[in-house]
Amino acid sequence: MAERKHPDWIKVRAPGSPEYFRTKAILGELKLHSVCQEACCPNIGECFSHRTATFMLMGDVCTRNCPYCAVAHGKVRPLDADEPRRIAEAVARLGLQHVVVTSVDRDDLPDGGAAHFAATARAIKSNPEPARVEVLVPDFQGTFASVETVVHSPIDIYNHNIETVPRLYRSVRPGGNYARSLDVIRHAKDVARGLGKPMFTKAGVMLGLGETNAELLDVIRDLRTVECDILTLGQYLRPSPEHIPVARYVPPAEFAEIKTAALAMRFHHVESGPLVRSSYHAWEHVQ
């Protein structure tokens, strides 16, 4: 069967602005990875052109092998202790005001890489003009001590993606656990509250994997129940023929309807659209 073509509302222009090439050059010079590149994000041209990037910590190889994700899976490398400093340098050189830092899953590490996230947040905040720091973290296999390590660091937004509805976890996210992910978001909020820290929590969901609207709304309600503040909803796009296929392309009008329903549940912000990714327009989510 021939691979289905993307509908017109999915198409984006090829990147080519001077700022795109400048951002790409700085990341290359400092030997940094971005999820924009590794995960084949369709918004790379727009974000790089606005001097924004989602930095990916701890290498470009993941210990998990989710069938929707374009990031490589296999043998991982030791942590690079200088990486937080180089990310802080890139942030300064690009003049960023909002920084998103994520990572591959590192289940080989006792803390899942939590201390490395914390070190990166501290490095960014040590710049003369510190940026707002958003971390997009893995589930740390449900280890609350790792969640606490990250929340105690100088972050402003704690982001952990739910990705899909519970029924599809076994086929879409076999290394994850729906209840565990909710617990991670809940615990992050509880820890921040205990510290008296004004920190947003955030989560993202992919649409078009075979979920029903009723299932999706249940997930959105669950996220509000654990006091998630910011929600992102975007279309799943198949990175290659080896990845799980798209079950349905959700039209923009449906994304708008779901956004309205989510806002009625009193989220602080909802970003919803076919090309939305977790860090898309992230700087606007906390205005």
# chains A, B, ... in the order shown; residues from 1 in each chain; ligands from 1
>>> select_by_dssp(residues="region 136-265 of chain A", states="alpha helix (DSSP H)", output="NGL selection string")
:A and (144-152 or 169-172 or 178-195 or 213-225 or 252-263)
>>> residues_around(residues="Ile155 (chain A)", least_positions_apart="5", cutoff="9 Å", atoms="only C-alpha atoms", output="PyMOL selection string")
chain A and resi 118+121-122+125+132-135+150+199
>>> residues_around(residues="Gln235 (chain A)", least_positions_apart="2", cutoff="6 Å", atoms="only C-alpha atoms", output="compact mmCIF listing (two decimals) with all heavy atoms, in the first residue's frame")
# COMPACT_ATOMS: atom_id res chain seq x y z
N MET A 206 -0.33 13.58 21.34
CA MET A 206 -0.38 13.44 19.88
C MET A 206 -1.75 12.92 19.47
O MET A 206 -2.28 12.00 20.10
CB MET A 206 0.69 12.45 19.40
CG MET A 206 2.11 12.85 19.69
SD MET A 206 3.30 11.61 19.07
CE MET A 206 2.92 10.21 20.13
N LEU A 207 -2.30 13.47 18.41
CA LEU A 207 -3.58 13.01 17.87
C LEU A 207 -3.35 12.27 16.56
O LEU A 207 -2.33 12.45 15.90
CB LEU A 207 -4.51 14.19 17.64
CG LEU A 207 -5.30 14.72 18.84
CD1 LEU A 207 -4.38 15.24 19.94
CD2 LEU A 207 -6.27 15.82 18.41
N PRO A 274 -2.56 21.13 14.03
CA PRO A 274 -1.87 20.02 13.38
C PRO A 274 -0.35 20.04 13.53
O PRO A 274 0.27 18.98 13.69
CB PRO A 274 -2.30 20.15 11.92
CG PRO A 274 -3.61 20.86 11.97
CD PRO A 274 -3.50 21.81 13.12
>>> residues_around(residues="Ile124 (chain A)", least_positions_apart="3", cutoff="12 Å", atoms="only C-alpha atoms", output="PyMOL selection string")
chain A and resi 55+83-93+95-101+117-121+127-135+153-156
>>> select_by_dssp(residues="region 74-222 of chain A", states="strand (DSSP E)", output="list in words")
His98, Val99, Val100, Val101, Thr102, Ser103, Arg132, Val133, Glu134, Val135, Leu136, Ile157, Tyr158, Asn159, Phe200, Thr201, Lys202, Ala203, Gly204, Val205, Met206 and Leu207 of chain A
>>> write_last_selection(atoms="N, CA, C and O atoms", output="short mmCIF file (atom, residue, chain, number, x, y, z; two decimals), in the first residue's frame")
data_model
loop_
_atom_site.label_atom_id
_atom_site.label_comp_id
_atom_site.auth_asym_id
_atom_site.auth_seq_id
_atom_site.Cartn_x
_atom_site.Cartn_y
_atom_site.Cartn_z
N HIS A 98 13.51 32.37 26.25
CA HIS A 98 12.81 31.16 26.72
C HIS A 98 13.54 29.97 26.13
O HIS A 98 13.71 29.87 24.92
N VAL A 99 13.97 29.07 26.99
CA VAL A 99 14.75 27.91 26.56
C VAL A 99 14.01 26.64 26.91
O VAL A 99 13.52 26.49 28.05
N VAL A 100 13.92 25.71 25.97
CA VAL A 100 13.36 24.39 26.25
C VAL A 100 14.49 23.38 26.21
O VAL A 100 15.27 23.33 25.26
N VAL A 101 14.58 22.59 27.27
CA VAL A 101 15.62 21.57 27.37
C VAL A 101 14.95 20.22 27.57
O VAL A 101 14.17 20.04 28.51
N THR A 102 15.24 19.29 26.69
CA THR A 102 14.69 17.94 26.82
C THR A 102 15.83 16.94 26.76
O THR A 102 17.00 17.31 26.84
N SER A 103 15.52 15.67 26.61
CA SER A 103 16.58 14.65 26.56
C SER A 103 16.04 13.38 25.93
O SER A 103 14.82 13.19 25.79
N ARG A 132 14.14 32.25 30.72
CA ARG A 132 13.16 31.36 31.33
C ARG A 132 13.50 29.93 30.90
O ARG A 132 13.79 29.68 29.73
N VAL A 133 13.47 28.99 31.84
CA VAL A 133 13.87 27.61 31.54
C VAL A 133 12.67 26.67 31.63
O VAL A 133 12.02 26.56 32.67
N GLU A 134 12.40 25.99 30.53
CA GLU A 134 11.39 24.93 30.47
C GLU A 134 12.10 23.60 30.25
O GLU A 134 12.92 23.48 29.35
N VAL A 135 11.81 22.62 31.10
CA VAL A 135 12.37 21.30 30.89
C VAL A 135 11.26 20.36 30.43
O VAL A 135 10.15 20.39 30.95
N LEU A 136 11.57 19.56 29.42
CA LEU A 136 10.67 18.51 28.94
C LEU A 136 11.33 17.19 29.31
O LEU A 136 12.26 16.75 28.64
N ILE A 157 9.19 25.93 34.07
CA ILE A 157 8.12 25.07 33.55
C ILE A 157 8.60 23.63 33.59
O ILE A 157 9.69 23.31 33.09
N TYR A 158 7.78 22.76 34.17
CA TYR A 158 8.07 21.31 34.22
C TYR A 158 7.13 20.63 33.24
O TYR A 158 5.92 20.58 33.45
N ASN A 159 7.68 20.12 32.15
CA ASN A 159 6.90 19.54 31.06
C ASN A 159 7.17 18.04 30.97
O ASN A 159 8.33 17.61 30.96
N PHE A 200 4.99 26.37 36.48
CA PHE A 200 3.95 25.78 35.66
C PHE A 200 4.27 24.30 35.38
O PHE A 200 5.44 23.93 35.24
N THR A 201 3.23 23.48 35.26
CA THR A 201 3.39 22.13 34.74
C THR A 201 2.71 22.08 33.37
O THR A 201 1.77 22.83 33.10
N LYS A 202 3.20 21.18 32.54
CA LYS A 202 2.79 21.17 31.13
C LYS A 202 2.83 19.74 30.60
O LYS A 202 3.63 18.91 31.06
N ALA A 203 1.99 19.42 29.62
CA ALA A 203 1.98 18.09 29.02
C ALA A 203 1.50 18.20 27.58
O ALA A 203 0.77 19.12 27.21
N GLY A 204 1.91 17.22 26.77
CA GLY A 204 1.52 17.19 25.36
C GLY A 204 0.91 15.86 24.97
O GLY A 204 1.25 14.81 25.54
N VAL A 205 0.01 15.90 23.99
CA VAL A 205 -0.66 14.71 23.48
C VAL A 205 -0.62 14.74 21.96
O VAL A 205 -0.83 15.80 21.34
N MET A 206 -0.33 13.58 21.34
CA MET A 206 -0.38 13.44 19.88
C MET A 206 -1.75 12.92 19.47
O MET A 206 -2.28 12.00 20.10
N LEU A 207 -2.30 13.47 18.41
CA LEU A 207 -3.58 13.01 17.87
C LEU A 207 -3.35 12.27 16.56
O LEU A 207 -2.33 12.45 15.90
#
>>> closest_residue(among="A:Gly113, A:Gly28, A:Gly208, A:Gly194", to="Val147 (chain A)", atoms="only C-alpha atoms")
A:Gly113
>>> residues_around(residues="Arg186 (chain A)", least_positions_apart="2", cutoff="8 Å", atoms="only C-alpha atoms", output="PyMOL selection string")
chain A and resi 182-184+188-190+226-228
>>> write_last_selection(atoms="N, CA, C and O atoms", output="PDB file, in the first residue's frame")
ATOM      1  N   LEU A 182       1.109  10.513  34.873  1.00  0.00           N
ATOM      2  CA  LEU A 182       0.253  11.429  35.627  1.00  0.00           C
ATOM      3  C   LEU A 182       0.822  11.680  37.020  1.00  0.00           C
ATOM      4  O   LEU A 182       0.821  12.816  37.512  1.00  0.00           O
ATOM      5  N   ASP A 183       1.338  10.629  37.649  1.00  0.00           N
ATOM      6  CA  ASP A 183       1.916  10.773  38.987  1.00  0.00           C
ATOM      7  C   ASP A 183       3.130  11.703  38.976  1.00  0.00           C
ATOM      8  O   ASP A 183       3.356  12.465  39.919  1.00  0.00           O
ATOM      9  N   VAL A 184       3.933  11.621  37.906  1.00  0.00           N
ATOM     10  CA  VAL A 184       5.110  12.484  37.791  1.00  0.00           C
ATOM     11  C   VAL A 184       4.685  13.954  37.730  1.00  0.00           C
ATOM     12  O   VAL A 184       5.269  14.819  38.405  1.00  0.00           O
ATOM     13  N   ALA A 188       5.451  16.739  40.690  1.00  0.00           N
ATOM     14  CA  ALA A 188       6.207  17.958  40.382  1.00  0.00           C
ATOM     15  C   ALA A 188       5.465  19.184  40.909  1.00  0.00           C
ATOM     16  O   ALA A 188       6.062  20.083  41.516  1.00  0.00           O
ATOM     17  N   LYS A 189       4.152  19.229  40.688  1.00  0.00           N
ATOM     18  CA  LYS A 189       3.361  20.363  41.171  1.00  0.00           C
ATOM     19  C   LYS A 189       3.356  20.407  42.695  1.00  0.00           C
ATOM     20  O   LYS A 189       3.490  21.488  43.299  1.00  0.00           O
ATOM     21  N   ASP A 190       3.205  19.253  43.337  1.00  0.00           N
ATOM     22  CA  ASP A 190       3.181  19.208  44.804  1.00  0.00           C
ATOM     23  C   ASP A 190       4.500  19.693  45.392  1.00  0.00           C
ATOM     24  O   ASP A 190       4.521  20.432  46.389  1.00  0.00           O
ATOM     25  N   VAL A 226      -4.547  16.409  37.870  1.00  0.00           N
ATOM     26  CA  VAL A 226      -3.220  16.455  38.497  1.00  0.00           C
ATOM     27  C   VAL A 226      -2.629  17.861  38.408  1.00  0.00           C
ATOM     28  O   VAL A 226      -1.436  18.053  38.591  1.00  0.00           O
ATOM     29  N   GLU A 227      -3.472  18.844  38.116  1.00  0.00           N
ATOM     30  CA  GLU A 227      -3.111  20.268  38.112  1.00  0.00           C
ATOM     31  C   GLU A 227      -2.096  20.636  37.034  1.00  0.00           C
ATOM     32  O   GLU A 227      -1.244  21.495  37.233  1.00  0.00           O
ATOM     33  N   CYS A 228      -2.218  19.991  35.873  1.00  0.00           N
ATOM     34  CA  CYS A 228      -1.414  20.405  34.725  1.00  0.00           C
ATOM     35  C   CYS A 228      -1.931  21.765  34.248  1.00  0.00           C
ATOM     36  O   CYS A 228      -3.142  21.956  34.099  1.00  0.00           O
TER      37      CYS A 228
END
>>> atom_distance(atom1="CA of Leu275 (chain A)", atom2="CA of Gly74 (chain A)")
28.3 Å
